[in-house]
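Peer 1: First the structure, which I've put down as structure tokens, then a few questions once you've had a look.
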Amino acid sequence: MDLKNNTILITGGATGIGFALAESLLKLGNKVIICGRREERLAEAKKKLPDIEVKRCDVSKAGERKLLVDWINSNYRETNILVNNAGIQRQVDFKKGAEDLMKSDDEIDINLKAQVYLSAQLVPMLMKRSESAIVNVSSGLGFVPLSRFPVYCATKAAIHSFTLSLRHQLRDTSVKVFEIIPPTVHDTGLKGKPIEKTDWSVSASEVASAAVKGIIEDQYEIAIGPSKAWVSGSREDLDKIFRNINR
Ligand SMILES: NC(=O)c1ccc[n+]([C@@H]2O[C@H](COP(=O)([O-])OP(=O)(O)OC[C@H]3O[C@@H](n4cnc5c(N)ncnc54)[C@H](OP(=O)(O)O)[C@@H]3O)[C@@H](O)[C@H]2O)c1
């Protein structure tokens with residue numbers, strides 16, 4: 001797919017992987033719109049990248065999603081790429097019953113429902129463009145779960161499954177459906193603050209470069225670094241990785 005002169009909406013684009021993607025896609029000559037919940041993060045991103053357009057939106061809320069879609073329809077009808085990137089990750093201990101599940105934002109609404117509904121709401125518009133795309137950000141943890149993040153991993157496995165079906169349903173349209181599968185990324189806000197760089201982690205800009213290259217080459221499943229082995233492993237391989245990461 002040509003990654004020049006597109007109009008691209010990136011959810012959760014003010015920080016981490018979304019911001020790195022916004023930066024790369026702007027450099028390639030695209031119009032980039034980002035959204036997120038925190039006004040101050042959007043303002044910081046706008047200061048660093050003055051050419052981006054920012055829009056506050058909590059994509060997990062139906063009403064706010066509708067406002068975003070209406071705003072896109074009124075102001076950026078030419079939008080032809082949706083990057084479903086917004087996500088959160090929480091530790092949940094089911095031994096505490098529903099306590100951990102109830103005490104913060106809903107991972108299912110943000111990581112899964114928002115991607116599914118936003119895709120549905122924008123597909124009719126994307127089908128009108130001569131070349132368009134939906135890019136879903138899943139995770140290596142959708143292929144091998146880390147048990148302390150049980151809901152997160154389940155939402156990412158669901159995103160992988162959803163992406164396969166969506167790609168198949170849209171195969172005869174102009175909408176290409178990509179999946180970006182990052183491994184651990186050390187310099188994002190997902191874990192509250194950046195984490196220590198390790199042999200199995202990559203940076204947000206490495207994810208963005210691999211994603212851009214994959215999309216240009218029409219490689220629909222873009223697994224990055226250690227995720228490559230997780231995506232293509234046998235059941236035996238995956239069980240071994242599961243035991244290693246959950247020790
Ligand atoms: N970091 C990793 O190790 C890793 C690995 C594999 C996959 N991923 C995936 O990569 C994606 C990006 O994460 P990241 O690592 O770059 O973390 P990040 O820096 O925390 O970025 C996530 C972004 O999503 C936004 N967001 C969260 N909830 C939202 C909502 N309800 N509505 C709108 N925006 C929302 C956040 O902004 P606000 O809080 O201001 O809304 C934030 O800008 C996520 O889907 C994540 O699961 C990350």
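Following the order of the structure tokens, chains are lettered A, B, ..., residues in each are numbered from 1, and ligands are numbered from 1.
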Excluding A:Ile8 and its own-chain neighbours fewer than 2 positions away, which residues fall within 9 Å of it when counting only C-alpha atoms? Please give them as a PyMOL selection string.
Peer 2: chain A and resi 6+10+22+25+30-34+79-83
Peer 1: Quick one: residues within 9 Å of A:Ser209, only C-alpha atoms counted, chain neighbours fewer than 4 positions away excluded, as a list in words?
Peer 2: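 What passes the distance filter is Ala20, Leu21, Ser24, Ala204, Ser205, Lys213 and Gly214 of chain A.
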Peer 1: For the atom pair atom CA of A:Asp106 and atom 29 (C, counted along the ligand's line) of ligand 1, what is the interatomic distance in Å to one decimal place?
Peer 2: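 Separation of atom CA of A:Asp106 and atom 29 (C, counted along the ligand's line) of ligand 1: 10.0 Å.
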Peer 1: Could I get the residue neighbourhood of ligand 1 at 7 Å, counting only C-alpha atoms and all ligand atoms, as a ChimeraX atom specification?
Peer 2: /A:11-18,35-38,41,57-60,85-89,110-111,137-140,181-186,188-190,204
Peer 1: Do you know which residues are at most 12 Å from A:Arg247 counting only C-alpha atoms, after dropping those on the same chain fewer than 2 positions away, and could you put them as number ranges by chain?
Peer 2: A: 146-148, 240-245
Peer 1: Might you pull out every residue within 10 Å of stretch 221-229 of chain A, with only C-alpha atoms counted and same-chain residues fewer than 2 positions away left off, and present them as a PyMOL selection string?
Peer 2: chain A and resi 135-144+160+163-164+177-184+199-202+206-208+210-215+218-219+231-234+237-238+241
Peer 1: Next, dump the selected residues to file, keeping only N, CA and C atoms, as a short mmCIF file (atom, residue, chain, number, x, y, z; two decimals), in the first residue's frame.
Peer 2:
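The resulting file, part16.cif, is reproduced below:
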```
data_model
loop_
_atom_site.label_atom_id
_atom_site.label_comp_id
_atom_site.auth_asym_id
_atom_site.auth_seq_id
_atom_site.Cartn_x
_atom_site.Cartn_y
_atom_site.Cartn_z
N VAL A 135 -5.72 -0.82 10.47
CA VAL A 135 -4.51 -1.39 11.05
C VAL A 135 -4.78 -1.63 12.53
N ASN A 136 -4.85 -2.89 12.93
CA ASN A 136 -5.13 -3.22 14.33
C ASN A 136 -3.83 -3.56 15.05
N VAL A 137 -3.65 -2.96 16.23
CA VAL A 137 -2.45 -3.27 17.03
C VAL A 137 -2.84 -4.34 18.05
N SER A 138 -2.29 -5.54 17.88
CA SER A 138 -2.54 -6.60 18.88
C SER A 138 -1.29 -6.71 19.75
N SER A 139 -0.77 -7.92 19.94
CA SER A 139 0.42 -8.09 20.79
C SER A 139 0.87 -9.54 20.71
N GLY A 140 2.15 -9.76 20.95
CA GLY A 140 2.66 -11.13 21.08
C GLY A 140 1.90 -11.85 22.20
N LEU A 141 1.44 -11.07 23.20
CA LEU A 141 0.73 -11.68 24.33
C LEU A 141 -0.67 -12.17 23.94
N GLY A 142 -1.09 -11.87 22.73
CA GLY A 142 -2.34 -12.45 22.23
C GLY A 142 -2.10 -13.88 21.75
N PHE A 143 -0.84 -14.25 21.58
CA PHE A 143 -0.49 -15.60 21.09
C PHE A 143 -0.01 -16.49 22.24
N VAL A 144 0.70 -15.89 23.21
CA VAL A 144 1.09 -16.61 24.43
C VAL A 144 0.77 -15.68 25.61
N HIS A 160 -6.70 -10.49 17.36
CA HIS A 160 -6.11 -11.30 16.27
C HIS A 160 -7.22 -12.02 15.50
N THR A 163 -9.36 -9.63 13.50
CA THR A 163 -8.63 -9.11 12.33
C THR A 163 -8.67 -10.11 11.17
N LEU A 164 -8.54 -11.42 11.50
CA LEU A 164 -8.61 -12.45 10.45
C LEU A 164 -9.97 -12.42 9.76
N VAL A 177 -6.65 -5.00 5.51
CA VAL A 177 -6.69 -5.11 6.97
C VAL A 177 -5.35 -5.69 7.48
N PHE A 178 -4.66 -4.86 8.26
CA PHE A 178 -3.34 -5.23 8.76
C PHE A 178 -3.39 -5.49 10.27
N GLU A 179 -2.44 -6.30 10.74
CA GLU A 179 -2.29 -6.50 12.19
C GLU A 179 -0.83 -6.27 12.54
N ILE A 180 -0.62 -5.40 13.52
CA ILE A 180 0.75 -5.17 14.01
C ILE A 180 0.87 -5.93 15.33
N ILE A 181 1.92 -6.75 15.43
CA ILE A 181 2.07 -7.63 16.60
C ILE A 181 3.40 -7.32 17.30
N PRO A 182 3.39 -6.31 18.18
CA PRO A 182 4.66 -5.97 18.85
C PRO A 182 4.99 -6.94 19.97
N PRO A 183 6.29 -7.06 20.29
CA PRO A 183 6.69 -7.77 21.51
C PRO A 183 6.66 -6.74 22.64
N THR A 184 7.38 -6.96 23.74
CA THR A 184 7.48 -5.93 24.79
C THR A 184 8.14 -4.69 24.21
N ASP A 199 16.88 -7.79 26.15
CA ASP A 199 17.18 -8.45 24.87
C ASP A 199 15.91 -8.75 24.08
N TRP A 200 14.79 -8.89 24.80
CA TRP A 200 13.55 -9.26 24.10
C TRP A 200 12.59 -8.08 23.94
N SER A 201 13.07 -6.85 24.26
CA SER A 201 12.19 -5.70 24.05
C SER A 201 12.68 -4.86 22.88
N VAL A 202 11.77 -4.05 22.34
CA VAL A 202 12.12 -3.14 21.24
C VAL A 202 11.59 -1.74 21.61
N GLU A 206 11.09 1.45 16.70
CA GLU A 206 11.35 0.20 15.94
C GLU A 206 10.02 -0.43 15.50
N VAL A 207 9.03 -0.37 16.38
CA VAL A 207 7.70 -0.90 16.01
C VAL A 207 7.14 -0.09 14.83
N ALA A 208 7.27 1.24 14.93
CA ALA A 208 6.73 2.09 13.86
C ALA A 208 7.43 1.81 12.53
N ALA A 210 8.96 -0.95 11.52
CA ALA A 210 8.57 -2.27 11.00
C ALA A 210 7.13 -2.22 10.47
N ALA A 211 6.27 -1.47 11.16
CA ALA A 211 4.86 -1.38 10.72
C ALA A 211 4.78 -0.67 9.37
N VAL A 212 5.49 0.42 9.24
CA VAL A 212 5.46 1.19 7.99
C VAL A 212 5.98 0.31 6.84
N LYS A 213 7.10 -0.37 7.06
CA LYS A 213 7.67 -1.24 6.02
C LYS A 213 6.66 -2.34 5.65
N GLY A 214 6.06 -2.96 6.66
CA GLY A 214 5.10 -4.05 6.41
C GLY A 214 3.89 -3.57 5.62
N ILE A 215 3.38 -2.40 5.98
CA ILE A 215 2.18 -1.89 5.29
C ILE A 215 2.53 -1.56 3.84
N ASP A 218 2.49 -4.59 1.79
CA ASP A 218 1.25 -5.37 1.88
C ASP A 218 1.46 -6.69 2.62
N GLN A 219 2.24 -6.60 3.70
CA GLN A 219 2.42 -7.78 4.56
C GLN A 219 1.36 -7.63 5.65
N VAL A 231 4.20 -16.01 16.97
CA VAL A 231 3.11 -16.08 15.99
C VAL A 231 3.17 -17.39 15.20
N SER A 232 4.39 -17.86 14.97
CA SER A 232 4.52 -19.01 14.08
C SER A 232 4.88 -20.31 14.82
N GLY A 233 4.91 -20.27 16.17
CA GLY A 233 5.34 -21.45 16.91
C GLY A 233 4.31 -22.57 16.90
N SER A 234 4.81 -23.81 17.07
CA SER A 234 3.90 -24.95 17.20
C SER A 234 3.26 -24.90 18.59
N ASP A 237 5.93 -25.40 21.06
CA ASP A 237 6.76 -24.19 21.24
C ASP A 237 6.05 -23.19 22.16
N LEU A 238 4.75 -22.99 21.87
CA LEU A 238 4.00 -21.97 22.61
C LEU A 238 3.84 -22.37 24.08
N ILE A 241 7.10 -21.52 25.73
CA ILE A 241 7.21 -20.07 25.98
C ILE A 241 6.31 -19.69 27.15
#
```
Peer 1: With distances taken over only C-alpha atoms, which of A:Trp230, A:Trp71, A:Phe19, A:Phe94 is nearest to A:Leu122?
Peer 2: A:Trp71
Peer 1: Residues of stretch 73-125 of chain A in alpha helix (DSSP H) according to DSSP, as a ChimeraX atom specification?
Peer 2: /A:73-75,99-102,107,114-125
Peer 1: One decimal, in Å: what's the spacing between atom CA of A:Cys153 and atom CA of A:Glu196?
Peer 2: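 That distance, rounded to one decimal, is 21.1 Å.
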Peer 1: Counting only C-alpha atoms, figure out which residue out of A:Ile216, A:Met127, A:Ala43, A:Val92 gets nearest to A:Thr173.
Peer 2: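 Closest to A:Thr173, using only C-alpha atoms: A:Met127.
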Peer 1: Find the spatial neighbours of A:Lys176, counting only C-alpha atoms, within a cut-off of 9 Å - ignore same-chain residues fewer than 5 positions away - and output them as a compact mmCIF listing (two decimals) with C-alpha atoms, in the first residue's frame.
Peer 2:
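Result saved to part.txt:
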```txt
# COMPACT_ATOMS: atom_id res chain seq x y z
CA MET A 1 0.00 0.00 0.00
CA GLU A 131 -7.28 2.40 -1.41
CA SER A 132 -7.80 2.25 2.33
CA ALA A 133 -6.83 0.27 5.41
CA ILE A 134 -7.61 -0.72 8.97
CA VAL A 135 -4.51 -1.39 11.05
CA ARG A 167 -9.70 -9.15 6.46
CA LEU A 170 -13.34 -7.10 3.23
CA ARG A 171 -11.21 -9.07 0.75
CA ASP A 218 1.25 -5.37 1.88
CA TYR A 220 -0.84 -8.19 6.42
```
Peer 1: Skipping near chain neighbours, those fewer than 6 positions away, what residues fall within 12 Å of A:Ala120 using only C-alpha atoms, listed as a list in words?
Peer 2: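 Those residues are Arg65, Lys66, Val69, Leu82, Asn84, Lys113, Ala114, Leu126, Met127, Ile134, Phe162, Leu166, Gln169 and Leu170 of chain A.
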Peer 1: Restricting the calculation to only C-alpha atoms, which member of A:Gln91, A:Asn73, A:Ser165, A:Ser104 is positioned closest to A:Gln121?
Peer 2: A:Asn73
Peer 1: What is the distance, in Å and to one decimal place, between atom CA of A:His168 and atom CA of A:Glu78?
Peer 2: 23.9 Å
